[in-house]
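*Asks:* One file: query-v9.cif (mmCIF, C-alpha atoms).
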```cif
data_final
loop_
_atom_site.label_atom_id
_atom_site.label_comp_id
_atom_site.auth_asym_id
_atom_site.auth_seq_id
_atom_site.Cartn_x
_atom_site.Cartn_y
_atom_site.Cartn_z
CA MET A 1 -58.49 23.80 57.82
CA PRO A 2 -55.05 23.23 56.29
CA SER A 3 -53.37 26.09 54.48
CA THR A 4 -52.67 23.98 51.41
CA ILE A 5 -54.93 21.42 49.82
CA PRO A 6 -53.57 19.40 46.88
CA ASP A 7 -54.45 20.94 43.50
CA ILE A 8 -56.07 17.70 42.37
CA VAL A 9 -58.43 17.82 45.36
CA ILE A 10 -59.26 21.49 44.75
CA SER A 11 -60.09 20.63 41.13
CA ARG A 12 -62.72 18.13 42.31
CA LEU A 13 -64.38 20.32 44.97
CA PRO A 14 -66.47 22.40 42.51
CA VAL A 15 -67.94 19.18 41.15
CA TYR A 16 -68.87 18.06 44.67
CA LEU A 17 -70.36 21.49 45.35
CA ARG A 18 -72.47 21.35 42.20
CA ALA A 19 -73.83 17.91 43.16
CA LEU A 20 -74.61 19.11 46.71
CA GLU A 21 -76.41 22.19 45.42
CA ARG A 22 -78.52 19.97 43.22
CA LEU A 23 -79.43 17.58 46.05
CA SER A 24 -80.24 20.59 48.22
CA GLN A 25 -82.54 22.06 45.55
CA GLU A 26 -84.33 18.74 45.47
CA GLY A 27 -85.01 19.12 49.19
CA GLN A 28 -82.50 16.58 50.47
CA GLU A 29 -80.71 17.41 53.75
CA VAL A 30 -78.23 14.59 54.28
CA THR A 31 -76.05 12.60 51.87
CA SER A 32 -73.29 10.00 52.00
CA SER A 33 -70.00 9.50 50.23
CA HIS A 34 -71.65 6.47 48.65
CA GLU A 35 -74.56 8.50 47.22
CA LEU A 36 -72.28 11.32 46.03
CA GLY A 37 -69.98 8.79 44.46
CA LYS A 38 -72.85 7.19 42.57
CA HIS A 39 -73.94 10.59 41.24
CA LEU A 40 -70.43 11.58 40.21
CA GLY A 41 -68.91 8.32 39.07
CA ILE A 42 -66.16 8.70 41.70
CA SER A 43 -65.43 6.06 44.37
CA SER A 44 -66.86 6.77 47.82
CA ALA A 45 -63.37 6.18 49.27
CA GLN A 46 -62.01 8.98 47.06
CA ILE A 47 -64.75 11.34 48.19
CA ARG A 48 -64.19 10.58 51.87
CA LYS A 49 -60.47 11.13 51.43
CA ASP A 50 -60.95 14.41 49.54
CA LEU A 51 -63.38 15.76 52.12
CA SER A 52 -61.19 14.63 55.02
CA HIS A 53 -58.75 17.40 54.09
CA PHE A 54 -61.04 19.82 55.89
CA GLY A 55 -61.45 17.57 58.93
CA GLY A 56 -64.54 16.41 60.75
CA PHE A 57 -67.04 16.93 57.94
CA GLY A 58 -68.87 13.64 57.97
CA LYS A 59 -69.26 10.98 60.62
CA GLN A 60 -69.10 7.32 59.69
CA GLY A 61 -72.65 6.06 59.50
CA THR A 62 -74.43 9.40 59.80
CA GLY A 63 -73.42 10.90 56.47
CA TYR A 64 -72.83 14.53 55.55
CA LYS A 65 -75.20 17.39 56.35
CA ILE A 66 -75.61 18.94 52.92
CA ALA A 67 -76.15 22.56 54.04
CA PHE A 68 -73.07 22.49 56.25
CA LEU A 69 -70.84 20.75 53.71
CA LYS A 70 -71.98 23.15 50.97
CA ASP A 71 -71.09 26.15 53.13
CA GLN A 72 -67.69 24.68 53.93
CA LEU A 73 -66.89 24.01 50.30
CA ARG A 74 -68.05 27.48 49.29
CA GLN A 75 -65.75 28.98 51.90
CA VAL A 76 -62.78 26.85 50.92
CA LEU A 77 -63.26 27.71 47.24
CA LYS A 78 -63.94 31.38 48.13
CA VAL A 79 -67.21 31.32 46.22
CA GLU A 80 -69.39 32.40 49.16
CA ARG A 81 -68.90 35.91 47.75
CA GLU A 82 -69.66 37.34 44.30
CA TRP A 83 -66.71 37.65 41.92
CA GLN A 84 -66.38 40.37 39.31
CA VAL A 85 -65.13 39.02 35.97
CA ALA A 86 -63.83 40.82 32.90
CA LEU A 87 -64.66 39.40 29.48
CA VAL A 88 -62.45 40.19 26.49
CA GLY A 89 -63.96 39.51 23.07
CA ALA A 90 -67.45 40.44 21.90
CA GLY A 91 -67.66 38.38 18.71
CA ASP A 92 -69.91 35.31 18.31
CA LEU A 93 -68.20 33.38 21.07
CA GLY A 94 -67.84 36.34 23.47
CA SER A 95 -71.47 37.33 22.94
CA ALA A 96 -72.60 33.82 23.78
CA VAL A 97 -70.44 33.85 26.91
CA ALA A 98 -71.82 37.27 27.92
CA ARG A 99 -75.38 36.01 27.53
CA TYR A 100 -74.88 32.76 29.46
CA LYS A 101 -77.07 33.03 32.58
CA GLY A 102 -75.20 30.40 34.56
CA PHE A 103 -72.42 32.79 35.64
CA THR A 104 -74.56 35.22 37.64
CA GLU A 105 -76.70 32.42 39.06
CA ARG A 106 -73.58 30.86 40.51
CA GLY A 107 -71.76 33.92 41.82
CA PHE A 108 -69.75 35.23 38.86
CA HIS A 109 -70.72 38.68 37.64
CA ILE A 110 -69.42 39.83 34.28
CA ALA A 111 -68.51 43.39 35.21
CA TYR A 112 -66.85 44.59 31.99
CA VAL A 113 -66.76 43.49 28.35
CA PHE A 114 -63.92 44.58 26.07
CA ASP A 115 -63.36 44.36 22.33
CA SER A 116 -60.82 45.81 19.90
CA ALA A 117 -63.18 46.43 16.94
CA PRO A 118 -63.87 50.20 16.74
CA GLU A 119 -67.41 49.59 15.42
CA LYS A 120 -68.35 47.62 18.54
CA ILE A 121 -67.20 50.14 21.13
CA ASN A 122 -70.06 51.59 23.20
CA LYS A 123 -72.49 49.13 21.60
CA ARG A 124 -74.25 46.62 23.82
CA ILE A 125 -74.44 42.85 24.21
CA GLY A 126 -77.53 42.33 26.34
CA SER A 127 -77.00 44.64 29.30
CA PHE A 128 -73.24 45.02 28.78
CA ILE A 129 -71.60 48.03 27.15
CA ILE A 130 -68.54 47.12 25.10
CA HIS A 131 -65.37 48.95 26.16
CA PRO A 132 -62.21 49.34 24.08
CA VAL A 133 -59.39 46.91 24.80
CA ALA A 134 -57.19 49.95 25.36
CA ASP A 135 -59.13 50.60 28.59
CA ILE A 136 -58.17 47.22 30.08
CA PRO A 137 -55.22 48.49 32.16
CA LYS A 138 -57.20 51.32 33.77
CA VAL A 139 -60.52 49.51 34.31
CA ILE A 140 -59.01 46.26 35.66
CA ALA A 141 -56.64 48.01 38.02
CA GLU A 142 -59.14 50.57 39.33
CA ASN A 143 -61.78 47.91 40.00
CA ASN A 144 -59.29 45.43 41.39
CA ILE A 145 -60.50 42.68 39.05
CA ARG A 146 -58.64 39.38 39.42
CA LEU A 147 -60.65 37.10 37.11
CA ALA A 148 -61.03 37.33 33.34
CA MET A 149 -62.41 35.31 30.44
CA ILE A 150 -60.78 35.47 27.00
CA ALA A 151 -62.98 34.90 23.94
CA VAL A 152 -60.85 36.46 21.18
CA PRO A 153 -59.36 34.73 18.10
CA ALA A 154 -56.45 32.40 18.87
CA GLU A 155 -53.90 34.75 17.33
CA ASN A 156 -54.76 37.57 19.75
CA ALA A 157 -55.20 35.56 22.92
CA GLN A 158 -51.61 35.67 24.21
CA GLN A 159 -51.37 39.43 23.83
CA VAL A 160 -54.72 39.95 25.58
CA ALA A 161 -53.63 37.63 28.39
CA GLU A 162 -50.48 39.69 28.90
CA MET A 163 -52.47 42.93 29.09
CA LEU A 164 -54.84 41.42 31.63
CA ILE A 165 -52.03 40.04 33.77
CA GLN A 166 -50.15 43.32 33.63
CA ALA A 167 -53.31 45.02 34.91
CA GLY A 168 -53.66 42.63 37.86
CA VAL A 169 -55.65 39.61 36.63
CA ARG A 170 -54.52 36.38 38.29
CA ALA A 171 -56.99 33.82 36.91
CA ILE A 172 -58.02 33.40 33.27
CA LEU A 173 -60.67 31.22 31.70
CA ASN A 174 -59.50 30.93 28.10
CA TYR A 175 -62.03 30.10 25.38
CA ALA A 176 -59.52 30.77 22.59
CA PRO A 177 -58.23 27.44 21.19
CA ILE A 178 -54.60 28.07 22.09
CA ASN A 179 -52.38 27.53 25.11
CA LEU A 180 -51.29 30.63 26.99
CA ASN A 181 -47.86 31.27 28.46
CA VAL A 182 -48.37 32.89 31.84
CA PRO A 183 -46.24 33.47 34.97
CA ASP A 184 -46.42 30.91 37.80
CA ASN A 185 -48.64 33.15 39.91
CA VAL A 186 -51.39 33.22 37.26
CA HIS A 187 -53.93 30.40 36.89
CA VAL A 188 -55.41 29.42 33.54
CA GLN A 189 -58.23 27.07 32.71
CA TYR A 190 -59.31 26.20 29.18
CA ILE A 191 -62.60 25.64 27.43
CA ASP A 192 -62.22 24.09 24.00
CA PRO A 193 -65.12 21.76 23.13
CA VAL A 194 -63.22 20.21 20.20
CA ILE A 195 -60.50 18.99 22.58
CA HIS A 196 -63.22 17.25 24.62
CA LEU A 197 -64.70 15.62 21.51
CA GLN A 198 -61.24 14.47 20.40
CA ARG A 199 -60.71 12.88 23.83
CA MET A 200 -63.62 10.55 23.09
CA THR A 201 -63.33 9.60 19.41
CA TYR A 202 -60.33 7.35 20.19
CA TYR A 203 -62.74 5.06 22.05
CA LEU A 204 -65.38 4.90 19.32
CA THR A 205 -65.53 1.98 16.94
CA MET B 1 -49.04 1.03 17.58
CA PRO B 2 -50.25 -0.50 20.84
CA SER B 3 -53.90 -1.46 21.15
CA THR B 4 -54.30 0.36 24.44
CA ILE B 5 -52.85 3.71 25.38
CA PRO B 6 -53.42 4.95 28.94
CA ASP B 7 -56.48 7.23 29.24
CA ILE B 8 -54.37 10.00 30.74
CA VAL B 9 -52.11 9.98 27.67
CA ILE B 10 -55.11 9.99 25.31
CA SER B 11 -56.49 13.02 27.17
CA ARG B 12 -53.31 14.98 26.42
CA LEU B 13 -52.99 14.05 22.73
CA PRO B 14 -55.65 16.54 21.48
CA VAL B 15 -53.73 19.34 23.20
CA TYR B 16 -50.50 18.26 21.47
CA LEU B 17 -52.38 18.06 18.17
CA ARG B 18 -53.77 21.58 18.60
CA ALA B 19 -50.28 22.94 19.28
CA LEU B 20 -48.82 21.11 16.26
CA GLU B 21 -51.59 22.42 14.00
CA ARG B 22 -50.81 25.92 15.16
CA LEU B 23 -47.05 25.56 14.55
CA SER B 24 -47.84 24.09 11.15
CA GLN B 25 -50.12 27.03 10.24
CA GLU B 26 -47.25 29.33 11.17
CA GLY B 27 -45.10 27.54 8.59
CA GLN B 28 -42.91 25.56 10.96
CA GLU B 29 -41.90 22.04 9.86
CA VAL B 30 -39.95 20.59 12.78
CA THR B 31 -40.39 20.90 16.54
CA SER B 32 -38.92 19.41 19.72
CA SER B 33 -40.35 18.11 22.96
CA HIS B 34 -38.66 21.11 24.56
CA GLU B 35 -40.47 23.61 22.32
CA LEU B 36 -43.83 21.84 22.65
CA GLY B 37 -43.36 21.71 26.40
CA LYS B 38 -42.71 25.44 26.56
CA HIS B 39 -45.88 26.14 24.55
CA LEU B 40 -48.00 23.83 26.66
CA GLY B 41 -46.55 24.21 30.13
CA ILE B 42 -45.80 20.47 30.22
CA SER B 43 -42.33 19.03 30.85
CA SER B 44 -40.44 17.87 27.77
CA ALA B 45 -39.82 14.53 29.50
CA GLN B 46 -43.58 14.04 29.83
CA ILE B 47 -44.12 14.83 26.15
CA ARG B 48 -41.37 12.43 25.03
CA LYS B 49 -42.87 9.72 27.23
CA ASP B 50 -46.41 10.31 25.95
CA LEU B 51 -45.33 10.28 22.32
CA SER B 52 -43.15 7.20 22.84
CA HIS B 53 -46.36 5.15 23.17
CA PHE B 54 -46.59 5.17 19.40
CA GLY B 55 -42.95 4.28 18.90
CA GLY B 56 -40.31 5.84 16.72
CA PHE B 57 -41.86 9.29 16.34
CA GLY B 58 -38.94 11.54 17.15
CA LYS B 59 -35.23 10.98 17.11
CA GLN B 60 -33.05 12.37 19.87
CA GLY B 61 -31.43 15.52 18.54
CA THR B 62 -33.43 15.80 15.31
CA GLY B 63 -36.84 16.61 16.79
CA TYR B 64 -40.29 15.75 15.47
CA LYS B 65 -41.47 16.30 11.91
CA ILE B 66 -44.67 18.24 12.50
CA ALA B 67 -46.63 17.01 9.46
CA PHE B 68 -45.86 13.38 10.25
CA LEU B 69 -46.57 13.67 13.97
CA LYS B 70 -49.81 15.51 13.27
CA ASP B 71 -50.96 12.74 10.91
CA GLN B 72 -50.07 10.08 13.44
CA LEU B 73 -51.98 11.82 16.23
CA ARG B 74 -54.98 12.37 13.98
CA GLN B 75 -55.01 8.67 13.13
CA VAL B 76 -54.63 7.56 16.75
CA LEU B 77 -57.44 9.88 17.86
CA LYS B 78 -59.53 8.87 14.81
CA VAL B 79 -59.99 12.50 13.81
CA GLU B 80 -58.53 12.12 10.31
CA ARG B 81 -62.17 11.63 9.25
CA GLU B 82 -65.20 13.88 9.74
CA TRP B 83 -67.55 12.97 12.61
CA GLN B 84 -71.28 13.55 12.55
CA VAL B 85 -72.56 14.94 15.84
CA ALA B 86 -76.11 15.29 17.16
CA LEU B 87 -76.96 18.34 19.28
CA VAL B 88 -79.87 18.22 21.71
CA GLY B 89 -81.14 21.58 22.97
CA ALA B 90 -81.83 24.67 20.87
CA GLY B 91 -82.18 27.27 23.61
CA ASP B 92 -79.63 30.04 24.26
CA LEU B 93 -76.83 27.62 25.02
CA GLY B 94 -77.66 25.13 22.26
CA SER B 95 -77.96 27.92 19.71
CA ALA B 96 -74.54 29.24 20.67
CA VAL B 97 -73.10 25.73 20.36
CA ALA B 98 -74.77 25.26 16.95
CA ARG B 99 -73.30 28.55 15.72
CA TYR B 100 -69.76 27.87 16.94
CA LYS B 101 -67.57 27.63 13.83
CA GLY B 102 -64.76 25.73 15.53
CA PHE B 103 -66.49 22.36 15.23
CA THR B 104 -66.65 22.15 11.45
CA GLU B 105 -63.20 23.68 11.06
CA ARG B 106 -61.78 20.85 13.15
CA GLY B 107 -63.70 17.88 11.77
CA PHE B 108 -66.93 17.74 13.74
CA HIS B 109 -70.09 18.28 11.74
CA ILE B 110 -73.32 18.98 13.60
CA ALA B 111 -75.64 16.79 11.56
CA TYR B 112 -78.90 17.11 13.53
CA VAL B 113 -80.31 19.50 16.12
CA PHE B 114 -83.15 18.41 18.43
CA ASP B 115 -85.41 20.26 20.85
CA SER B 116 -88.54 19.38 22.81
CA ALA B 117 -90.35 22.74 22.52
CA PRO B 118 -93.17 22.38 19.94
CA GLU B 119 -92.78 26.03 18.82
CA LYS B 120 -89.16 25.42 17.80
CA ILE B 121 -89.72 22.33 15.66
CA ASN B 122 -88.93 22.87 11.98
CA LYS B 123 -87.55 26.34 12.77
CA ARG B 124 -83.89 27.04 12.03
CA ILE B 125 -80.75 27.95 13.95
CA GLY B 126 -78.39 29.17 11.26
CA SER B 127 -78.43 26.41 8.67
CA PHE B 128 -79.85 23.77 11.03
CA ILE B 129 -83.46 22.68 11.10
CA ILE B 130 -84.69 21.81 14.58
CA HIS B 131 -86.09 18.30 14.89
CA PRO B 132 -88.36 17.01 17.67
CA VAL B 133 -86.67 15.09 20.49
CA ALA B 134 -89.09 12.26 19.75
CA ASP B 135 -87.19 11.67 16.49
CA ILE B 136 -83.91 10.95 18.32
CA PRO B 137 -84.22 7.13 18.30
CA LYS B 138 -84.96 6.93 14.59
CA VAL B 139 -82.54 9.60 13.33
CA ILE B 140 -79.57 8.54 15.49
CA ALA B 141 -79.96 4.86 14.67
CA GLU B 142 -80.55 5.31 10.94
CA ASN B 143 -77.58 7.61 10.54
CA ASN B 144 -75.36 5.57 12.83
CA ILE B 145 -74.44 8.62 14.92
CA ARG B 146 -72.09 7.88 17.82
CA LEU B 147 -71.37 11.38 19.17
CA ALA B 148 -73.78 13.85 20.74
CA MET B 149 -73.74 17.16 22.59
CA ILE B 150 -76.33 17.92 25.27
CA ALA B 151 -77.33 21.55 25.85
CA VAL B 152 -80.65 21.16 27.64
CA PRO B 153 -81.56 22.32 31.19
CA ALA B 154 -79.93 20.29 33.97
CA GLU B 155 -83.20 18.62 34.97
CA ASN B 156 -83.68 17.08 31.50
CA ALA B 157 -80.09 16.07 30.77
CA GLN B 158 -80.14 12.55 32.25
CA GLN B 159 -83.27 11.59 30.36
CA VAL B 160 -81.89 12.96 27.10
CA ALA B 161 -78.63 11.09 27.68
CA GLU B 162 -80.55 7.84 28.13
CA MET B 163 -82.48 8.37 24.88
CA LEU B 164 -79.26 9.07 23.00
CA ILE B 165 -77.48 6.03 24.44
CA GLN B 166 -80.46 3.80 23.73
CA ALA B 167 -80.29 4.98 20.10
CA GLY B 168 -76.60 4.16 19.78
CA VAL B 169 -74.63 7.20 20.97
CA ARG B 170 -71.39 6.23 22.73
CA ALA B 171 -69.76 9.62 23.46
CA ILE B 172 -71.48 12.66 24.96
CA LEU B 173 -70.23 16.20 25.43
CA ASN B 174 -72.49 17.52 28.18
CA TYR B 175 -72.99 21.29 28.52
CA ALA B 176 -75.75 20.86 31.12
CA PRO B 177 -74.37 21.60 34.61
CA ILE B 178 -75.05 18.15 36.02
CA ASN B 179 -73.25 14.81 36.13
CA LEU B 180 -74.67 12.03 34.00
CA ASN B 181 -74.98 8.39 34.96
CA VAL B 182 -74.02 6.33 31.94
CA PRO B 183 -72.99 2.71 31.29
CA ASP B 184 -69.28 1.86 31.24
CA ASN B 185 -69.20 1.68 27.45
CA VAL B 186 -70.29 5.32 27.08
CA HIS B 187 -67.86 8.23 27.37
CA VAL B 188 -68.86 11.60 28.78
CA GLN B 189 -66.97 14.88 28.86
CA TYR B 190 -68.28 18.01 30.56
CA ILE B 191 -68.23 21.71 29.76
CA ASP B 192 -69.25 23.88 32.69
CA PRO B 193 -67.41 27.21 32.74
CA VAL B 194 -68.43 27.93 36.35
CA ILE B 195 -66.63 24.77 37.50
CA HIS B 196 -63.47 26.11 35.82
CA LEU B 197 -63.82 29.52 37.48
CA GLN B 198 -64.37 27.86 40.87
CA ARG B 199 -61.18 25.85 40.37
CA MET B 200 -59.23 29.11 40.33
CA THR B 201 -60.84 31.33 42.98
CA TYR B 202 -59.29 29.21 45.76
CA TYR B 203 -55.90 30.54 44.67
CA LEU B 204 -56.90 34.21 44.55
CA THR B 205 -56.15 36.54 47.45
#
```
Would it be possible to restate this file's structure as structure tokens?
*Replies:*
Amino acid sequence: MPSTIPDIVISRLPVYLRALERLSQEGQEVTSSHELGKHLGISSAQIRKDLSHFGGFGKQGTGYKIAFLKDQLRQVLKVEREWQVALVGAGDLGSAVARYKGFTERGFHIAYVFDSAPEKINKRIGSFIIHPVADIPKVIAENNIRLAMIAVPAENAQQVAEMLIQAGVRAILNYAPINLNVPDNVHVQYIDPVIHLQRMTYYLT
Amino acid sequence: MPSTIPDIVISRLPVYLRALERLSQEGQEVTSSHELGKHLGISSAQIRKDLSHFGGFGKQGTGYKIAFLKDQLRQVLKVEREWQVALVGAGDLGSAVARYKGFTERGFHIAYVFDSAPEKINKRIGSFIIHPVADIPKVIAENNIRLAMIAVPAENAQQVAEMLIQAGVRAILNYAPINLNVPDNVHVQYIDPVIHLQRMTYYLT
């Protein structure tokens, strides 16, 4: 397995993994780049090329063994283990994020929830106790947490990101509708549904 | 203004627009490709090139007038008007989507909410009355709705998408963790936070 895989390939692997997990749930054991491509709207040539980065996955004509390919992708993406995630923000958006069942089902465990509102501290969202934002440095560092989700208002997001990074976080999923300035060794991904809607209206007549 | 702008450029315009709206809220009137690039982590050359598709926006040395550029981008993206959106799925995820204030604030009005569970029909989520999925064809067609969001379980998403498309929907924001097969004239964007987390774990040590 090569030590570096192009970022663009890495960005597609979780989508392949999700499709494979689905096929596997449906009881299927073998697939092809053609079938995957049809499911995903990606060319089979692209899929073969992406998967060839790991070498020897599929054989021409025999297809991919789903269980094996799934395991390989999980290892490459480092999602064969459970990840602890910190969530900052326990308002409407943060509460919805905390309650979303899909994280735990797919290997991401929200370990701590933080908020700055004094009236929320020590209250609960579902099974989570809300901790004060002031505890971020101690809790993140002591528990060696590398992943965080930000669900605070846009105007507070940059400051929260800096606290998290200072404490050791290296990957942030940002739900606040604002871009974050982070050092090169920190990864950020964004979730802003309005951006996605605005990417489509251009095409509507 | 050219009739076709590359898809990759279109996909970046909403991010530029969001940054401009923020600068504008902060009282700023003029910006530069350099400043925008710093905010967004995109090279200033890229930004100048993207914005040059519309011709004559910024002048070398004088920068971009934010109000003007914002208006232009809103027109190009067709978000100077309000869009009516249908939401299918009124479970945990759909309810969170329905309650998210960011849509209305940024020009997307959830006009109808649908669910298939008989016990939910005619109940409310916030201000929305839940309609039966069986009403999708009639309601979507009569109200000429082109945009929809899907927040149903993965196993029902494809079928719901087909109903929506049949009724006239041409752009779908899919929160269900599954890829949709749609005709070429239909646009789909995906929101799956686990995919975003899995795109970052590869880089963590």
*Asks:* Tell me which residues the PyMOL selection byres ((chain A and resi 196) around 10) grabs here, as a PyMOL selection string.
*Replies:* (chain A and resi 191-195+197-201) or (chain B and resi 11+14-15+172-174+188-191)
*Asks:* Care to translate the PyMOL selection byres ((chain A and resi 85) around 6) into actual residues of this file, as a list of chain:residue names?
*Replies:* A:Gln84, A:Ala86, A:His109, A:Ile110, A:Ala111, A:Leu147, A:Ala148
*Asks:* Counting all atoms listed in the file, what is within 12 Å of Leu87 of chain A, bar same-chain residues fewer than 4 positions away, as a PyMOL selection string?
*Replies:* chain A and resi 91+93-99+103+108-115+125+128-133+136+139-140+145-152+160-161+164+169+172-175
*Asks:* In terms of the shortest atom-to-atom distance over all atoms listed in the file, which of B:Arg81, B:Lys123, B:Lys65, B:Lys70 is closest to chain A?
*Replies:*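 Closest to chain A, using all atoms listed in the file: B:Arg81.
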*Asks:* Do you know which residues are at most 9 Å from Glu21 of chain A counting all atoms listed in the file, after dropping those on the same chain fewer than 3 positions away, and could you put them as a list in words?
*Replies:*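 The contact residues come out as Tyr16, Leu17, Arg18, Ser24, Gln25, Glu26, Ile66, Ala67 and Lys70 of chain A.
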*Asks:* Find, counting only C-alpha atoms, the residue in A:Trp83, A:Lys138, A:Pro153, A:Asp7 that gets nearest to Ala171 of chain A.
*Replies:*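 Checking each of A:Trp83, A:Lys138, A:Pro153, A:Asp7 against Ala171 of chain A, counting only C-alpha atoms, the winner is A:Trp83.
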*Asks:* Taking the file above as input, evaluate the PyMOL selection byres ((chain B and resi 177) around 6) and report the hits as a PyMOL selection string.
*Replies:* chain B and resi 154+176+178+192
*Asks:* Between atom CA of Asp71 of chain B and atom CA of Leu20 of chain B, what is the distance in Å, rounded to a tenth?
*Replies:* 10.2 Å
*Asks:* May I ask which of the residues B:Glu80, B:Arg106, B:Ala134, B:Ala117 is the closest one to chain A, counting all atoms listed in the file?
*Replies:* B:Arg106
*Asks:* Between atom CA of Ser127 of chain A and atom CA of Glu82 of chain A, what is the distance in Å, rounded to a tenth?
*Replies:* 18.2 Å
*Asks:* Give me, please, the distance in Å between atom CA of Tyr203 of chain B and atom CA of Leu77 of chain A, quoted to one decimal.
*Replies:* 8.3 Å
*Asks:* Name all residues at most 12 Å from Gly37 of chain A (count all atoms listed in the file; drop same-chain ones fewer than 5 positions away) and give them as a list in words.
*Replies:* Val15, Tyr16, Ala19, Leu20, Thr31, Ser32, Ile42, Ser43, Ser44, Ala45, Gln46, Ile47, Arg48 and Asp50 of chain A; Asn179, Leu180 and Asn181 of chain B
